[in-house]
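Working notes for the structure below.
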Amino acid sequence: MIFDDIFGGFVTLFSDSYAIWFVLLASFVGIVFGALPGLTAAAAIAMMLPILIAYNDEIGGLAGLAFLYVIGKSGRYGGSIAAILFNTPGTAASAATMQDGYPMTQSGRPGKALKTATVASAYGDYFGEFVLIFGAVAIAAFTRQFGPPENFAIYLMAFVVIGSVVNDSVVKGIISTLFGAFIALIGEDTITGQFKMTMGIDELESGMALVPLLIGVFVISEVIIQAEKAAKTSAVKYAAASLDDPTSQYFTWSEFKRCVPLMFRSSIYGSLIGMMPGLGSSVACFVAYGEEKRKAKNKEEWGTGVVEGIAAPESANNAVSGPSMIPLLTLGIPGSTIAAVLIGMFLVNGLQPGPSIFATEPPLFMGGQLVSPREFIFGIFAAGLVGIACYALIGYFAAPWIGRTIALLPTQYLYPFIFIIALAASYSSRASIWDVGFALLFGLIGYAMRRTNFSAAAFIIAFVLTSSMEEAFRQSMIISDTGLMIFFSFEYQNKFSYAPIFLIIGLAVLVMRAASPYLGKRKSNA
Amino acid sequence: MFSVEFSNENYKRKLELGVGLVVMAIGAFFVTQALTIGASKEIVGPRTMPMALAVSMILGGAWLTLRALRGRAGLIKPGYGFLESDLKRISLVIACGVAFVVSFWAFGYFIAIIITYISMLYTFGVRNKAWMAGGALVFAVVLQWLFMGVMLLNDPSGALIDIRQYTGLISGV
């Protein structure tokens, strides 16, 4: 059955020429944005989202969603190029890759390092993609029976889990979540139609748009940081040895065979971490690097430029990509910023993220043809599988060239260009100059959040989730005879409720995270 | 070594104290905003969740403040704090953004792009006038065509001047 679905997904994808082109384009764009230090796939998505939404009807829903989905994958991989060549992680996900990637570059083997990263990333990404395909379908069959109390409990659990694991400080993570949630509540009330907290600004009656927020916290805050550096020299110092020397630049077959067990284990770490909302690639890469170094026979060589030190973090950080979609597709909870943005694109196409996304009815009209939601979602999975192959091919053959080109880009021209595109994209989201002002405001807020260790990711995810959470809460209250006790009872409307279980999980994660510094201190004292 | 750690700790403590107070102030502002929502007859109305979030923010801010007052803010990690911040550069970037908003209102989209791009290049240290003017013009033409011509966005007239009869030649609208 599921193999038929996968085959059907490929048919859906390949019958849409726009989708194929957009997958190819996303593979390239994601690598470039990931490789640019400071810029991430989320920044690329923020700037391109208005264009994709505006053209959604013309290009068909699959092309836009496939573009966003693949850019998340290729962006994660692209970060390794900067980590290996410039000793600067293009994204937080490739921070661990620097440990062995850059020493390899210094020793004159940048080609081998880049090829190792490419192969390991593709391996991990395929592993994660299959976990997603088989896992999501199985879990969705179970979560489809949930009602409003369970949905509210899941949202609350997600808020607590994301807030408490997303960075070092549990309190700051939770505050970031609360802040995003409050901003999301501005605008028209979904149930009463009353306007809330608009401060007399007409533009806020329809709520705060996602695009200016994304652009503010991810793009403008980064431009401010780059303006502070304001170096007139090139964006990055390219200290790489010549890539023209073909000797010692290949990831050999024997090295690949040696790395397969390690990549397999690292992909498992990445997939498990990816399934948990809030934990992302940056955690996975360090867990895999640390674990594999601990197990390695040559652990004293790690950090001096060994292929295993690149293969482990790269396969783990890309294995996060697919499973991070599982909470979104089975519970409607985005596990990452990119998944949060995907919700917007799903809604534009008439799909509500959650277990019902795997239903076969009612059909959707897309790209001039009728497709079921299930066919559509498997079309996106197929786009992911094709996208991995595309970025792997581009990366394997062109990563040195992309790195070399990025090294030549001068920041004094690059970041003003990005700033203007960001402002133009903010305006284009609703053709409102207010949105440009909001993007600037959230740029400053995002900058302050980064400097004081608050989490932009938790802020965005909470912003996206809150209206659904409020709706589930108020629906629960309407059907409840016992008020708030509906969330703590194992039964409502004569059926079993999982709500208390989710609340207990959320509370347990919060307590464990809050207690972990004290437990760690006691352990080290002992 | 000790003095460096001590001063770091002291800086972080002060900053965390400020952060806690700012979070509490934002929470208090949110409470005032939540109070503007009309009360309803339902058990849980539109005011419930904003109020709960705002109060939680105040509590979170209070926690940070108390932690800082008790001297438990910890040491500074790389990238934390504003010690390396350049206020002049931050102000310039925001001023460029404000220039975009004001010039958009006064002169329309096309000229706003030109003014903002030139001012951003200046902010980033570019002094080559030919590049600044030429680059800004090319960039404005491309964005005018893409956003107004292809995406068909609203291109309002400037309050002071209206050049849409010319920019319309680019966007074809």
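As shown in the structure tokens, the chain order sets the letters A, B, ...; within each chain, residues go from 1, and ligands are also counted from 1 in the order they appear.
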Within 7 Å of chain B, which residues of chain A show up when using only C-alpha atoms, listed as a PDB file with N, CA and C atoms, in the first residue's frame?
ATOM      1  N   ALA A  54       2.040  34.390  -3.996  1.00  0.00           N
ATOM      2  CA  ALA A  54       1.416  35.161  -5.079  1.00  0.00           C
ATOM      3  C   ALA A  54       1.240  34.311  -6.341  1.00  0.00           C
ATOM      4  N   VAL A 171      13.786  29.270  31.064  1.00  0.00           N
ATOM      5  CA  VAL A 171      12.889  30.418  31.271  1.00  0.00           C
ATOM      6  C   VAL A 171      12.855  31.292  30.012  1.00  0.00           C
ATOM      7  N   ILE A 175       9.719  32.188  27.689  1.00  0.00           N
ATOM      8  CA  ILE A 175       9.321  33.587  27.443  1.00  0.00           C
ATOM      9  C   ILE A 175       9.254  33.857  25.930  1.00  0.00           C
ATOM     10  N   LEU A 178       5.999  32.510  24.822  1.00  0.00           N
ATOM     11  CA  LEU A 178       4.868  33.349  25.255  1.00  0.00           C
ATOM     12  C   LEU A 178       4.767  34.606  24.392  1.00  0.00           C
ATOM     13  N   PHE A 182       1.592  35.642  22.114  1.00  0.00           N
ATOM     14  CA  PHE A 182       0.820  36.866  22.320  1.00  0.00           C
ATOM     15  C   PHE A 182       0.673  37.649  21.010  1.00  0.00           C
ATOM     16  N   LEU A 185      -2.025  36.505  18.770  1.00  0.00           N
ATOM     17  CA  LEU A 185      -3.421  36.733  19.159  1.00  0.00           C
ATOM     18  C   LEU A 185      -3.946  38.105  18.738  1.00  0.00           C
ATOM     19  N   ASP A 189     -10.836  38.026  16.490  1.00  0.00           N
ATOM     20  CA  ASP A 189     -11.066  36.801  17.244  1.00  0.00           C
ATOM     21  C   ASP A 189     -11.797  35.790  16.354  1.00  0.00           C
ATOM     22  N   LYS A 196      -8.933  42.311  18.520  1.00  0.00           N
ATOM     23  CA  LYS A 196      -8.192  42.250  19.791  1.00  0.00           C
ATOM     24  C   LYS A 196      -6.844  42.961  19.670  1.00  0.00           C
ATOM     25  N   MET A 197      -6.560  43.830  20.585  1.00  0.00           N
ATOM     26  CA  MET A 197      -5.226  44.420  20.792  1.00  0.00           C
ATOM     27  C   MET A 197      -4.628  45.025  19.525  1.00  0.00           C
ATOM     28  N   ILE A 224      21.814  43.580  10.501  1.00  0.00           N
ATOM     29  CA  ILE A 224      22.338  44.485  11.538  1.00  0.00           C
ATOM     30  C   ILE A 224      23.679  43.950  12.062  1.00  0.00           C
ATOM     31  N   ALA A 227      26.262  44.534   9.513  1.00  0.00           N
ATOM     32  CA  ALA A 227      26.606  45.961   9.441  1.00  0.00           C
ATOM     33  C   ALA A 227      27.572  46.323  10.557  1.00  0.00           C
ATOM     34  N   GLU A 228      27.410  45.682  11.702  1.00  0.00           N
ATOM     35  CA  GLU A 228      28.344  45.929  12.807  1.00  0.00           C
ATOM     36  C   GLU A 228      29.747  45.478  12.425  1.00  0.00           C
ATOM     37  N   ALA A 230      30.749  45.131   9.311  1.00  0.00           N
ATOM     38  CA  ALA A 230      31.014  46.127   8.275  1.00  0.00           C
ATOM     39  C   ALA A 230      32.433  46.082   7.719  1.00  0.00           C
ATOM     40  N   LYS A 232      35.210  45.802   5.048  1.00  0.00           N
ATOM     41  CA  LYS A 232      35.251  46.109   3.622  1.00  0.00           C
ATOM     42  C   LYS A 232      35.901  44.977   2.838  1.00  0.00           C
ATOM     43  N   GLN A 412      29.890  44.293   1.633  1.00  0.00           N
ATOM     44  CA  GLN A 412      29.347  45.656   1.525  1.00  0.00           C
ATOM     45  C   GLN A 412      28.354  45.800   0.374  1.00  0.00           C
ATOM     46  N   TYR A 413      28.381  44.846  -0.568  1.00  0.00           N
ATOM     47  CA  TYR A 413      27.373  44.865  -1.638  1.00  0.00           C
ATOM     48  C   TYR A 413      26.276  43.830  -1.388  1.00  0.00           C
ATOM     49  N   PRO A 416      23.456  44.957   1.694  1.00  0.00           N
ATOM     50  CA  PRO A 416      22.461  45.962   1.262  1.00  0.00           C
ATOM     51  C   PRO A 416      21.454  45.373   0.273  1.00  0.00           C
ATOM     52  N   ILE A 420      17.362  45.166   0.945  1.00  0.00           N
ATOM     53  CA  ILE A 420      16.319  45.729   0.076  1.00  0.00           C
ATOM     54  C   ILE A 420      15.320  44.637  -0.338  1.00  0.00           C
ATOM     55  N   SER A 428       5.467  43.105  -0.028  1.00  0.00           N
ATOM     56  CA  SER A 428       4.668  42.306  -0.959  1.00  0.00           C
ATOM     57  C   SER A 428       3.767  41.300  -0.259  1.00  0.00           C
ATOM     58  N   ALA A 431       0.948  43.957   0.515  1.00  0.00           N
ATOM     59  CA  ALA A 431       0.994  45.273  -0.133  1.00  0.00           C
ATOM     60  C   ALA A 431       0.712  46.381   0.882  1.00  0.00           C
ATOM     61  N   ILE A 433       2.630  49.078   3.652  1.00  0.00           N
ATOM     62  CA  ILE A 433       3.890  49.662   4.130  1.00  0.00           C
ATOM     63  C   ILE A 433       4.050  49.416   5.634  1.00  0.00           C
ATOM     64  N   LEU A 440      10.956  45.874  10.329  1.00  0.00           N
ATOM     65  CA  LEU A 440      12.064  46.614  10.962  1.00  0.00           C
ATOM     66  C   LEU A 440      12.009  46.471  12.482  1.00  0.00           C
ATOM     67  N   ARG A 451      21.149  38.621  20.979  1.00  0.00           N
ATOM     68  CA  ARG A 451      22.202  39.090  21.891  1.00  0.00           C
ATOM     69  C   ARG A 451      21.950  38.686  23.342  1.00  0.00           C
ATOM     70  N   THR A 452      20.692  38.414  23.680  1.00  0.00           N
ATOM     71  CA  THR A 452      20.384  38.087  25.072  1.00  0.00           C
ATOM     72  C   THR A 452      19.902  36.645  25.244  1.00  0.00           C
ATOM     73  N   ASN A 453      20.167  35.825  24.221  1.00  0.00           N
ATOM     74  CA  ASN A 453      19.953  34.385  24.347  1.00  0.00           C
ATOM     75  C   ASN A 453      18.482  33.965  24.408  1.00  0.00           C
ATOM     76  N   ARG A 474     -10.867  26.754  23.347  1.00  0.00           N
ATOM     77  CA  ARG A 474     -12.231  27.258  23.508  1.00  0.00           C
ATOM     78  C   ARG A 474     -13.265  26.230  23.045  1.00  0.00           C
TER      79      ARG A 474
END
What's around Arg374 of chain A at 7 Å? Count only C-alpha atoms, leave out sequence neighbours fewer than 2 positions away in its own chain, and write the answer as a tab-separated table (two decimals) with C-alpha atoms, in the first residue's frame.
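And here is the file that came out, part.tsv:
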chain	number	residue	atom	x	y	z
A	357	ILE	CA	-3.59	15.22	5.54
A	358	PHE	CA	-3.25	11.52	4.71
A	359	ALA	CA	-6.94	11.23	3.82
A	360	THR	CA	-7.95	10.36	0.29
A	372	SER	CA	-6.30	13.62	-3.18
A	376	PHE	CA	-0.38	15.46	-2.81
A	377	ILE	CA	1.57	14.77	0.38
A	378	PHE	CA	3.32	11.81	-1.23
Which of segment 171-366 of chain A counts as strand (DSSP E) under DSSP, as a ChimeraX atom specification please?
/A:187-188,195-196,364-366
Residues of the last selection are to be written out with N, CA and C atoms, as a tab-separated table (two decimals), in the first residue's frame.
chain	number	residue	atom	x	y	z
A	187	GLY	N	-5.47	40.83	16.47
A	187	GLY	CA	-6.34	40.74	15.28
A	187	GLY	C	-7.73	40.24	15.61
A	188	GLU	N	-8.43	39.78	14.61
A	188	GLU	CA	-9.82	39.38	14.77
A	188	GLU	C	-9.94	38.06	15.53
A	195	PHE	N	-12.27	42.50	17.41
A	195	PHE	CA	-10.87	42.84	17.17
A	195	PHE	C	-10.13	42.93	18.50
A	196	LYS	N	-8.93	42.31	18.52
A	196	LYS	CA	-8.19	42.25	19.79
A	196	LYS	C	-6.84	42.96	19.67
A	364	LEU	N	-8.36	17.73	-4.08
A	364	LEU	CA	-7.96	19.13	-4.22
A	364	LEU	C	-7.73	19.41	-5.70
A	365	PHE	N	-8.03	20.65	-6.10
A	365	PHE	CA	-7.79	21.02	-7.50
A	365	PHE	C	-6.45	21.74	-7.57
A	366	MET	N	-5.49	21.08	-8.17
A	366	MET	CA	-4.15	21.67	-8.21
A	366	MET	C	-3.52	21.49	-9.57
Atomic separation - atom CA of Ala425 of chain A relative to atom CA of Met48 of chain A, Å
7.3 Å
So which residues touch Phe454 of chain A within 12 Å, counting only C-alpha atoms, skipping near sequence neighbours fewer than 6 positions away, as an MDAnalysis selection string?
(chainID A and resid 163:180 217 445:448 460) or (chainID B and resid 16 19:20 23 80:81)
Dump as an mmCIF file, in the first residue's frame, selection limited to N, CA and C atoms:
data_model
loop_
_atom_site.group_PDB
_atom_site.id
_atom_site.type_symbol
_atom_site.label_atom_id
_atom_site.label_comp_id
_atom_site.auth_asym_id
_atom_site.auth_seq_id
_atom_site.Cartn_x
_atom_site.Cartn_y
_atom_site.Cartn_z
ATOM 1 N N GLY A 163 9.771 25.358 24.190
ATOM 2 C CA GLY A 163 10.312 26.435 25.017
ATOM 3 C C GLY A 163 11.434 25.980 25.926
ATOM 4 N N SER A 164 11.323 24.751 26.435
ATOM 5 C CA SER A 164 12.322 24.334 27.417
ATOM 6 C C SER A 164 13.553 23.677 26.811
ATOM 7 N N VAL A 165 13.472 23.178 25.574
ATOM 8 C CA VAL A 165 14.666 22.517 25.023
ATOM 9 C C VAL A 165 15.375 23.357 23.965
ATOM 10 N N VAL A 166 14.746 24.447 23.539
ATOM 11 C CA VAL A 166 15.257 25.134 22.354
ATOM 12 C C VAL A 166 16.570 25.875 22.609
ATOM 13 N N ASN A 167 16.833 26.289 23.824
ATOM 14 C CA ASN A 167 18.164 26.841 24.101
ATOM 15 C C ASN A 167 18.586 26.602 25.545
ATOM 16 N N ASP A 168 19.693 27.212 25.950
ATOM 17 C CA ASP A 168 20.270 26.904 27.263
ATOM 18 C C ASP A 168 19.326 27.236 28.419
ATOM 19 N N SER A 169 18.643 28.373 28.312
ATOM 20 C CA SER A 169 17.801 28.821 29.415
ATOM 21 C C SER A 169 16.349 28.417 29.196
ATOM 22 N N VAL A 170 15.841 27.617 30.128
ATOM 23 C CA VAL A 170 14.446 27.164 30.027
ATOM 24 C C VAL A 170 13.503 28.365 30.110
ATOM 25 N N VAL A 171 13.786 29.270 31.064
ATOM 26 C CA VAL A 171 12.889 30.418 31.271
ATOM 27 C C VAL A 171 12.855 31.292 30.012
ATOM 28 N N LYS A 172 14.028 31.536 29.420
ATOM 29 C CA LYS A 172 14.053 32.381 28.225
ATOM 30 C C LYS A 172 13.375 31.700 27.035
ATOM 31 N N GLY A 173 13.518 30.387 26.955
ATOM 32 C CA GLY A 173 12.822 29.657 25.894
ATOM 33 C C GLY A 173 11.314 29.795 26.046
ATOM 34 N N ILE A 174 10.842 29.643 27.287
ATOM 35 C CA ILE A 174 9.401 29.758 27.547
ATOM 36 C C ILE A 174 8.929 31.195 27.269
ATOM 37 N N ILE A 175 9.719 32.188 27.689
ATOM 38 C CA ILE A 175 9.321 33.587 27.443
ATOM 39 C C ILE A 175 9.254 33.857 25.930
ATOM 40 N N SER A 176 10.205 33.307 25.168
ATOM 41 C CA SER A 176 10.175 33.480 23.700
ATOM 42 C C SER A 176 8.864 32.924 23.150
ATOM 43 N N THR A 177 8.455 31.770 23.679
ATOM 44 C CA THR A 177 7.219 31.131 23.241
ATOM 45 C C THR A 177 6.003 31.998 23.591
ATOM 46 N N LEU A 178 5.999 32.510 24.822
ATOM 47 C CA LEU A 178 4.868 33.349 25.255
ATOM 48 C C LEU A 178 4.767 34.606 24.392
ATOM 49 N N PHE A 179 5.912 35.175 24.081
ATOM 50 C CA PHE A 179 5.949 36.397 23.280
ATOM 51 C C PHE A 179 5.357 36.138 21.880
ATOM 52 N N GLY A 180 5.814 35.059 21.246
ATOM 53 C CA GLY A 180 5.288 34.704 19.918
ATOM 54 C C GLY A 180 3.796 34.433 19.968
ATOM 55 N N VAL A 217 13.075 38.763 12.205
ATOM 56 C CA VAL A 217 13.920 38.032 13.152
ATOM 57 C C VAL A 217 15.050 37.248 12.479
ATOM 58 N N ILE A 445 13.979 43.674 17.446
ATOM 59 C CA ILE A 445 13.643 42.728 18.525
ATOM 60 C C ILE A 445 14.449 41.433 18.348
ATOM 61 N N GLY A 446 14.528 40.965 17.098
ATOM 62 C CA GLY A 446 15.282 39.738 16.811
ATOM 63 C C GLY A 446 16.753 39.900 17.160
ATOM 64 N N TYR A 447 17.295 41.060 16.858
ATOM 65 C CA TYR A 447 18.700 41.339 17.191
ATOM 66 C C TYR A 447 18.894 41.275 18.707
ATOM 67 N N ALA A 448 17.984 41.947 19.434
ATOM 68 C CA ALA A 448 18.084 41.941 20.902
ATOM 69 C C ALA A 448 17.912 40.524 21.444
ATOM 70 N N ILE A 460 8.817 32.035 16.602
ATOM 71 C CA ILE A 460 8.096 31.849 15.337
ATOM 72 C C ILE A 460 7.141 30.661 15.424
ATOM 73 N N GLU B 16 21.152 40.901 32.609
ATOM 74 C CA GLU B 16 20.018 40.013 32.881
ATOM 75 C C GLU B 16 18.965 40.713 33.737
ATOM 76 N N VAL B 19 17.157 42.799 31.315
ATOM 77 C CA VAL B 19 16.308 41.946 30.474
ATOM 78 C C VAL B 19 15.044 41.548 31.237
ATOM 79 N N GLY B 20 15.226 41.149 32.488
ATOM 80 C CA GLY B 20 14.084 40.756 33.323
ATOM 81 C C GLY B 20 13.082 41.889 33.463
ATOM 82 N N VAL B 23 11.265 42.456 30.150
ATOM 83 C CA VAL B 23 10.248 41.416 29.928
ATOM 84 C C VAL B 23 9.015 41.697 30.788
ATOM 85 N N TYR B 80 27.043 36.639 23.400
ATOM 86 C CA TYR B 80 26.044 37.172 24.327
ATOM 87 C C TYR B 80 26.360 38.630 24.653
ATOM 88 N N GLY B 81 25.314 39.422 24.797
ATOM 89 C CA GLY B 81 25.476 40.792 25.281
ATOM 90 C C GLY B 81 25.758 41.812 24.187
#
Using DSSP on the backbone coordinates, identify the residues of segment 327-507 of chain A assigned to alpha helix (DSSP H); present them as number ranges by chain.
A: 327-331, 337-348, 373-408, 411-430, 433-451, 456-479, 499-507
For Gly101 of chain A, the nearest of the candidates A:Ala311, A:Met1, A:Met325, A:Ile338, counting only C-alpha atoms:
A:Ala311
Point-to-point distance in Å for atom CA of Val211 of chain A and atom CA of Ala136 of chain A:
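Atom-to-atom, atom CA of Ala136 of chain A to atom CA of Val211 of chain A, that is 27.8 Å.
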Identify, on the basis of only C-alpha atoms, every residue whose closest approach to Thr167 of chain B does not exceed 8 Å; exclude the query and any residue fewer than 4 positions from it along the same chain; express the result as a PDB file with C-alpha atoms, in the first residue's frame.
ATOM      1  CA  PHE B 110      10.716  53.086  -7.242  1.00  0.00           C
ATOM      2  CA  GLN B 144       9.761  47.426 -10.010  1.00  0.00           C
ATOM      3  CA  ILE B 163       6.163  59.116 -11.184  1.00  0.00           C
ATOM      4  CA  SER B 171       6.139  47.296 -14.898  1.00  0.00           C
TER       5      SER B 171
END
Can you list, as a PyMOL selection string, every protein, DNA or RNA residue that comes within 12 Å of Ser17 of chain A when you count only C-alpha atoms, leaving out same-chain residues fewer than 2 positions away?
chain A and resi 11-15+19-24+59-60+62-63+367+383
Within 9 Å of segment 496-499 of chain A, counting only C-alpha atoms, which residues qualify if same-chain residues fewer than 4 places away don't, as a ChimeraX atom specification?
/A:146-147,149-154,486-492,503-504
Work out how far apart atom CA of Ala35 of chain A and atom CA of Ala92 of chain A are and give it in Å to one decimal.
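Value for the atom CA of Ala35 of chain A-atom CA of Ala92 of chain A distance: 11.3 Å.
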Shell of 12 Å around Phe251 of chain A, only C-alpha atoms, local chain residues under 2 positions omitted, as a list in words:
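Selected residues are Arg109, Pro110, Gly111, Lys112, Ala113, Leu114, Lys115, Thr116, Ala117, Thr118, Val119, Ala120, Pro246, Thr247, Ser248, Gln249, Trp253, Ser254, Glu255, Phe256, Lys257, Arg258, Cys259, Val306, Val307, Glu308, Ile310, Ala311 and Tyr396 of chain A.
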Taking N, CA and C atoms for each residue, export the selection above as an mmCIF file, in the first residue's frame.
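In the end it all went to again_17.cif:
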data_model
loop_
_atom_site.group_PDB
_atom_site.id
_atom_site.type_symbol
_atom_site.label_atom_id
_atom_site.label_comp_id
_atom_site.auth_asym_id
_atom_site.auth_seq_id
_atom_site.Cartn_x
_atom_site.Cartn_y
_atom_site.Cartn_z
ATOM 1 N N ARG A 109 43.183 19.099 1.814
ATOM 2 C CA ARG A 109 42.214 18.123 1.295
ATOM 3 C C ARG A 109 40.775 18.642 1.370
ATOM 4 N N PRO A 110 40.532 19.883 0.913
ATOM 5 C CA PRO A 110 39.158 20.407 0.996
ATOM 6 C C PRO A 110 38.176 19.633 0.130
ATOM 7 N N GLY A 111 38.662 19.121 -1.004
ATOM 8 C CA GLY A 111 37.780 18.362 -1.896
ATOM 9 C C GLY A 111 37.266 17.117 -1.209
ATOM 10 N N LYS A 112 38.158 16.412 -0.524
ATOM 11 C CA LYS A 112 37.753 15.188 0.184
ATOM 12 C C LYS A 112 36.734 15.533 1.286
ATOM 13 N N ALA A 113 36.993 16.628 1.994
ATOM 14 C CA ALA A 113 36.080 17.030 3.074
ATOM 15 C C ALA A 113 34.701 17.362 2.516
ATOM 16 N N LEU A 114 34.658 18.100 1.425
ATOM 17 C CA LEU A 114 33.365 18.492 0.842
ATOM 18 C C LEU A 114 32.610 17.284 0.310
ATOM 19 N N LYS A 115 33.349 16.367 -0.314
ATOM 20 C CA LYS A 115 32.685 15.180 -0.877
ATOM 21 C C LYS A 115 32.182 14.273 0.246
ATOM 22 N N THR A 116 32.947 14.169 1.315
ATOM 23 C CA THR A 116 32.491 13.373 2.474
ATOM 24 C C THR A 116 31.199 13.967 3.028
ATOM 25 N N ALA A 117 31.192 15.302 3.170
ATOM 26 C CA ALA A 117 29.995 15.968 3.703
ATOM 27 C C ALA A 117 28.802 15.741 2.785
ATOM 28 N N THR A 118 29.038 15.765 1.472
ATOM 29 C CA THR A 118 27.937 15.583 0.518
ATOM 30 C C THR A 118 27.343 14.182 0.632
ATOM 31 N N VAL A 119 28.226 13.189 0.630
ATOM 32 C CA VAL A 119 27.752 11.799 0.685
ATOM 33 C C VAL A 119 27.037 11.537 2.018
ATOM 34 N N ALA A 120 27.637 12.005 3.105
ATOM 35 C CA ALA A 120 27.036 11.772 4.427
ATOM 36 C C ALA A 120 25.697 12.501 4.561
ATOM 37 N N PRO A 246 44.066 17.218 -7.953
ATOM 38 C CA PRO A 246 43.113 16.114 -7.823
ATOM 39 C C PRO A 246 43.530 15.062 -6.800
ATOM 40 N N THR A 247 44.780 15.052 -6.393
ATOM 41 C CA THR A 247 45.219 14.008 -5.459
ATOM 42 C C THR A 247 44.614 14.242 -4.085
ATOM 43 N N SER A 248 44.228 13.194 -3.454
ATOM 44 C CA SER A 248 43.668 13.217 -2.087
ATOM 45 C C SER A 248 42.399 14.044 -1.963
ATOM 46 N N GLN A 249 41.687 14.254 -3.047
ATOM 47 C CA GLN A 249 40.483 15.083 -2.970
ATOM 48 C C GLN A 249 39.200 14.255 -3.029
ATOM 49 N N TRP A 253 36.141 4.691 -1.926
ATOM 50 C CA TRP A 253 35.200 3.616 -1.652
ATOM 51 C C TRP A 253 35.485 2.977 -0.291
ATOM 52 N N SER A 254 36.782 2.791 0.008
ATOM 53 C CA SER A 254 37.123 2.165 1.300
ATOM 54 C C SER A 254 36.735 3.092 2.461
ATOM 55 N N GLU A 255 36.903 4.388 2.273
ATOM 56 C CA GLU A 255 36.488 5.332 3.324
ATOM 57 C C GLU A 255 34.969 5.303 3.488
ATOM 58 N N PHE A 256 34.269 5.213 2.364
ATOM 59 C CA PHE A 256 32.803 5.151 2.418
ATOM 60 C C PHE A 256 32.353 3.921 3.206
ATOM 61 N N LYS A 257 32.958 2.755 2.873
ATOM 62 C CA LYS A 257 32.572 1.512 3.560
ATOM 63 C C LYS A 257 32.854 1.616 5.062
ATOM 64 N N ARG A 258 33.983 2.264 5.392
ATOM 65 C CA ARG A 258 34.352 2.442 6.791
ATOM 66 C C ARG A 258 33.338 3.336 7.524
ATOM 67 N N CYS A 259 32.773 4.292 6.771
ATOM 68 C CA CYS A 259 31.877 5.271 7.405
ATOM 69 C C CYS A 259 30.414 4.818 7.452
ATOM 70 N N VAL A 306 39.693 14.005 10.164
ATOM 71 C CA VAL A 306 39.378 12.629 9.750
ATOM 72 C C VAL A 306 37.989 12.619 9.101
ATOM 73 N N VAL A 307 37.801 11.747 8.121
ATOM 74 C CA VAL A 307 36.526 11.731 7.400
ATOM 75 C C VAL A 307 35.352 11.377 8.325
ATOM 76 N N GLU A 308 35.626 10.535 9.323
ATOM 77 C CA GLU A 308 34.551 10.155 10.245
ATOM 78 C C GLU A 308 33.995 11.378 10.991
ATOM 79 N N ILE A 310 33.567 14.230 9.881
ATOM 80 C CA ILE A 310 32.649 14.993 9.014
ATOM 81 C C ILE A 310 31.392 14.165 8.755
ATOM 82 N N ALA A 311 31.591 12.869 8.510
ATOM 83 C CA ALA A 311 30.459 12.000 8.157
ATOM 84 C C ALA A 311 29.428 11.919 9.291
ATOM 85 N N TYR A 396 28.308 17.565 -4.919
ATOM 86 C CA TYR A 396 29.465 16.714 -5.178
ATOM 87 C C TYR A 396 30.385 17.338 -6.223
#
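Each of A:Asp125, A:Glu222, A:Glu291, A:Glu58 was compared to Ile418 of chain A using only C-alpha atoms, and A:Glu222 turns out to be the nearest.
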Between A:Gly75, A:Pro261, A:Pro277, A:Gly305, which one has atoms that come closest to Gly332 of chain A, using only C-alpha atoms?
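Closest to Gly332 of chain A, using only C-alpha atoms: A:Pro277.
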